[in-house]
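Right, one structure below, let's go through it.
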Amino acid sequence: MPSACPPHSSSPHCLPSCLTAPAPLLGEWLPLPTHCAAHCSPHCAPHRATPSPTFAFSPSHCRLAPPRLASLRGTVLFAGDSLLRYQFDELLAWLRRAGAPLACVAARQPLWPRLTADAYARPPLDCRRRGLTLMARRINALPPRAHNATLPFLRALLAPARHGVAVVAVGAWYDRPSLPSPSPYSSSSSSSSSSSSSSSSFPSSSSPASSSSSSPSSPSSSSSSSSSPPSSSATARRLASAARTLARLACEPSSPRLLFREPTPQHFSSRDGRYTAAAASLPCAPLSAAAAAAAHARLVAPLRRGLRRGGGCGRRVRLLPAFWPLVARHDEHAAAAGGNRSDCTHWKACSGAMALQLRLLVLGLRELSGGAVT
């Protein structure tokens, strides 16, 4: 809060940052007269014959400063599932529209069967321009904390961003029975592992082309829904434990600072919005208050607990509050995934939901690093 603000002031510029306020991020969605989200302007409006409403989030108890793309510099590694990869792609597009494009090349990353499987044909990337490097790596869920390969795997995954920032987001895959057993080796292990993998107990770095051989499971595949999802208590324990491990890793001097984004809500027509084969054939639906609370308790609360218990490196770890604002945006998910199946997980590229996530991301990077990512 600015020093010139009197106690209990309600002036907008005197409110605490939404990224550090202790209360949940709540507010309202206001229609934009331009029908174009800020990160897509001015390119989306001229191409819409019949513009659909676009909304912007206005917080009720905290302030969200305008995002400044010029504040992005240094090294940022995105490690997460397809939701985070879509956000990475939109950040690249935003920078390109702003006249600051990055040149991208295919990259390598350490593999862990199923944890790093890519069902969306988006290989690892390294993107650079003067003063800024953005990297994308695939990880659907964090590996088991107790396994002796976990820390070496995470260190190798995040090593390209040492002394920079790692943006991590995982969530929906924790509800899937297809997550790996504690051993990183299975019948779906990539055949491209080098001989050095025997000394590190997880498959070694592989090129994007070879990583496709690890038999990824699509989120809408029948194998994901052939058995019941794990219990909420098992999901919570696994997520909290993995988050605690990652937070402790951020305390190591050679590790990047950690910006963890809350899982975002799904809006399938199921009891609490999560994916089921039956719900995927129905349109996306609003979440009731009870369903949203259940989803938050299952995926977000354990994550917060794990990060809080991860050690005394609070200045090196930050959590982006993305869940509650997006509960109301069931209408901004991506188009149908194909055939009669709905995609109620990913967000439209030029939606208010994506704009808010990008705004939180840029502000989170700025606050975590004091204005620079070195």
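Following the order of the structure tokens, first chain is A, next is B, and so on, with residues numbered from 1 inside each chain and ligands from 1 in the order they appear.
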Mind dumping a table of every range 224-268 of chain A residue within 6 Å of range 145-162 of chain A, with the nearest atom pair and its distance in Å to one decimal, using only C-alpha atoms, sorted by chain and rising number, as a Markdown table?
| residue | atom | partner | partner_atom | distance |
| --- | --- | --- | --- | --- |
| A:Ala242 | CA | A:Arg145 | CA | 5.5 |
| A:Ser254 | CA | A:Arg162 | CA | 5.6 |
| A:Ser255 | CA | A:Arg162 | CA | 4.9 |
| A:Pro256 | CA | A:Arg162 | CA | 4.6 |
Please, which residues in range 84-107 of chain A fall within 8 Å of range 344-364 of chain A when counting only C-alpha atoms, and what is the closest atom pair and distance in Å to one decimal for each, ordered by chain then residue number, as CSV?
residue,atom,partner,partner_atom,distance
A:Tyr86,CA,A:His346,CA,7.9
A:Gln87,CA,A:Leu358,CA,7.1
A:Glu90,CA,A:Ala349,CA,6.7
A:Leu91,CA,A:Leu358,CA,6.9
Restricting the output to all heavy atoms, write the selected residues as a short mmCIF file (atom, residue, chain, number, x, y, z; two decimals), in the first residue's frame.
data_model
loop_
_atom_site.label_atom_id
_atom_site.label_comp_id
_atom_site.auth_asym_id
_atom_site.auth_seq_id
_atom_site.Cartn_x
_atom_site.Cartn_y
_atom_site.Cartn_z
N TYR A 86 -1.07 -22.82 -23.59
CA TYR A 86 -1.92 -21.89 -24.32
C TYR A 86 -1.64 -20.45 -23.87
O TYR A 86 -1.61 -19.52 -24.68
CB TYR A 86 -3.39 -22.21 -24.07
CG TYR A 86 -3.94 -23.37 -24.89
CD1 TYR A 86 -3.13 -24.44 -25.24
CD2 TYR A 86 -5.26 -23.40 -25.30
CE1 TYR A 86 -3.62 -25.51 -25.98
CE2 TYR A 86 -5.77 -24.46 -26.05
CZ TYR A 86 -4.94 -25.52 -26.38
OH TYR A 86 -5.43 -26.56 -27.11
N GLN A 87 -1.40 -20.27 -22.56
CA GLN A 87 -1.11 -18.94 -22.05
C GLN A 87 0.25 -18.47 -22.56
O GLN A 87 0.42 -17.28 -22.91
CB GLN A 87 -1.13 -18.96 -20.52
CG GLN A 87 -1.04 -17.59 -19.88
CD GLN A 87 -1.23 -17.66 -18.37
OE1 GLN A 87 -1.66 -18.66 -17.82
NE2 GLN A 87 -0.89 -16.57 -17.69
N GLU A 90 -0.21 -17.30 -26.08
CA GLU A 90 -0.87 -15.99 -26.15
C GLU A 90 0.04 -14.86 -25.71
O GLU A 90 -0.07 -13.74 -26.21
CB GLU A 90 -2.15 -16.01 -25.30
CG GLU A 90 -3.32 -16.69 -25.97
CD GLU A 90 -3.58 -16.14 -27.37
OE1 GLU A 90 -3.81 -14.92 -27.50
OE2 GLU A 90 -3.53 -16.92 -28.33
N LEU A 91 0.95 -15.13 -24.77
CA LEU A 91 1.93 -14.10 -24.39
C LEU A 91 2.84 -13.79 -25.58
O LEU A 91 3.14 -12.61 -25.85
CB LEU A 91 2.74 -14.57 -23.19
CG LEU A 91 3.82 -13.61 -22.70
CD1 LEU A 91 3.23 -12.27 -22.30
CD2 LEU A 91 4.60 -14.22 -21.54
#
Considering only C-alpha atoms, can you say which of A:Ser71, A:Ser241, A:Gln109, A:Gln266 comes closest to Gly171 in chain A?
A:Gln266
Using only C-alpha atoms for the distances, tell me which of A:Phe260, A:Phe268, A:Phe78, A:Phe55 is nearest to Thr133 in chain A.
A:Phe78
Please return, as number ranges by chain, all residues of range 37-148 of chain A that DSSP assigns to strand (DSSP E) on the basis of the backbone.
A: 55-59, 74-80, 103-106, 125-129, 132-138
Please list as a list in words every residue within 8 Å of Cys284 in chain A, counting only C-alpha atoms and excluding residues in the same chain fewer than 3 positions away.
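Those residues are His267, Phe268, Ser269, His330, Asp331, His333, Ser342, Asp343 and Cys344 of chain A.
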Print the selection's residues with all heavy atoms to a file, as a compact mmCIF listing (two decimals), in the first residue's frame.
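Result file is part.txt:
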# COMPACT_ATOMS: atom_id res chain seq x y z
N HIS A 267 -15.55 -26.36 -16.48
CA HIS A 267 -16.99 -26.12 -16.49
C HIS A 267 -17.74 -27.21 -17.26
O HIS A 267 -18.68 -26.93 -17.99
CB HIS A 267 -17.31 -24.74 -17.09
CG HIS A 267 -16.90 -23.60 -16.21
ND1 HIS A 267 -15.66 -23.02 -16.27
CD2 HIS A 267 -17.58 -22.92 -15.25
CE1 HIS A 267 -15.58 -22.04 -15.39
NE2 HIS A 267 -16.73 -21.95 -14.76
N PHE A 268 -17.30 -28.45 -17.10
CA PHE A 268 -18.07 -29.54 -17.69
C PHE A 268 -19.38 -29.71 -16.92
O PHE A 268 -19.49 -29.33 -15.75
CB PHE A 268 -17.26 -30.84 -17.65
CG PHE A 268 -16.10 -30.87 -18.60
CD1 PHE A 268 -14.81 -30.59 -18.16
CD2 PHE A 268 -16.30 -31.16 -19.94
CE1 PHE A 268 -13.74 -30.60 -19.04
CE2 PHE A 268 -15.23 -31.18 -20.83
CZ PHE A 268 -13.95 -30.89 -20.38
N SER A 269 -20.37 -30.28 -17.59
CA SER A 269 -21.68 -30.47 -16.97
C SER A 269 -21.65 -31.70 -16.07
O SER A 269 -22.33 -32.71 -16.29
CB SER A 269 -22.76 -30.64 -18.04
OG SER A 269 -22.88 -29.46 -18.80
N HIS A 330 -17.82 -19.52 -17.61
CA HIS A 330 -18.05 -20.79 -18.31
C HIS A 330 -18.26 -20.58 -19.81
O HIS A 330 -18.11 -21.51 -20.60
CB HIS A 330 -19.28 -21.49 -17.72
CG HIS A 330 -20.57 -20.86 -18.09
ND1 HIS A 330 -21.05 -19.72 -17.45
CD2 HIS A 330 -21.48 -21.16 -19.06
CE1 HIS A 330 -22.20 -19.37 -18.00
NE2 HIS A 330 -22.49 -20.23 -18.96
N ASP A 331 -18.60 -19.35 -20.20
CA ASP A 331 -18.89 -19.05 -21.60
C ASP A 331 -17.64 -18.68 -22.39
O ASP A 331 -17.73 -18.36 -23.58
CB ASP A 331 -19.88 -17.89 -21.68
CG ASP A 331 -19.39 -16.65 -20.95
OD1 ASP A 331 -18.57 -16.78 -20.01
OD2 ASP A 331 -19.82 -15.54 -21.31
N HIS A 333 -14.73 -20.63 -22.61
CA HIS A 333 -13.85 -21.76 -22.91
C HIS A 333 -13.67 -21.90 -24.41
O HIS A 333 -14.43 -21.34 -25.20
CB HIS A 333 -14.41 -23.04 -22.30
CG HIS A 333 -14.19 -23.14 -20.83
ND1 HIS A 333 -12.94 -23.33 -20.28
CD2 HIS A 333 -15.05 -23.07 -19.78
CE1 HIS A 333 -13.05 -23.37 -18.96
NE2 HIS A 333 -14.31 -23.21 -18.63
N SER A 342 -17.09 -31.27 -26.11
CA SER A 342 -16.84 -29.90 -25.68
C SER A 342 -15.49 -29.80 -24.99
O SER A 342 -15.04 -30.76 -24.35
CB SER A 342 -17.95 -29.43 -24.73
OG SER A 342 -19.20 -29.43 -25.37
N ASP A 343 -14.86 -28.66 -25.10
CA ASP A 343 -13.64 -28.36 -24.36
C ASP A 343 -13.99 -27.31 -23.31
O ASP A 343 -14.07 -26.12 -23.61
CB ASP A 343 -12.55 -27.84 -25.29
CG ASP A 343 -11.23 -27.56 -24.57
OD1 ASP A 343 -11.22 -27.63 -23.32
OD2 ASP A 343 -10.23 -27.27 -25.23
N CYS A 344 -14.21 -27.75 -22.09
CA CYS A 344 -14.58 -26.86 -20.99
C CYS A 344 -13.41 -26.70 -20.02
O CYS A 344 -13.60 -26.43 -18.83
CB CYS A 344 -15.81 -27.39 -20.26
SG CYS A 344 -17.25 -27.60 -21.33
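Comparing A:Arg316, A:Ala136, A:Arg85, A:Leu92 by their smallest distance to Ala106 in chain A, the closest is A:Ala136 (using only C-alpha atoms).
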Could you please write out, as a PyMOL selection string, every residue of range 294-374 of chain A that DSSP assigns to alpha helix (DSSP H)?
chain A and resi 294-295+301-308+323-326+352-369
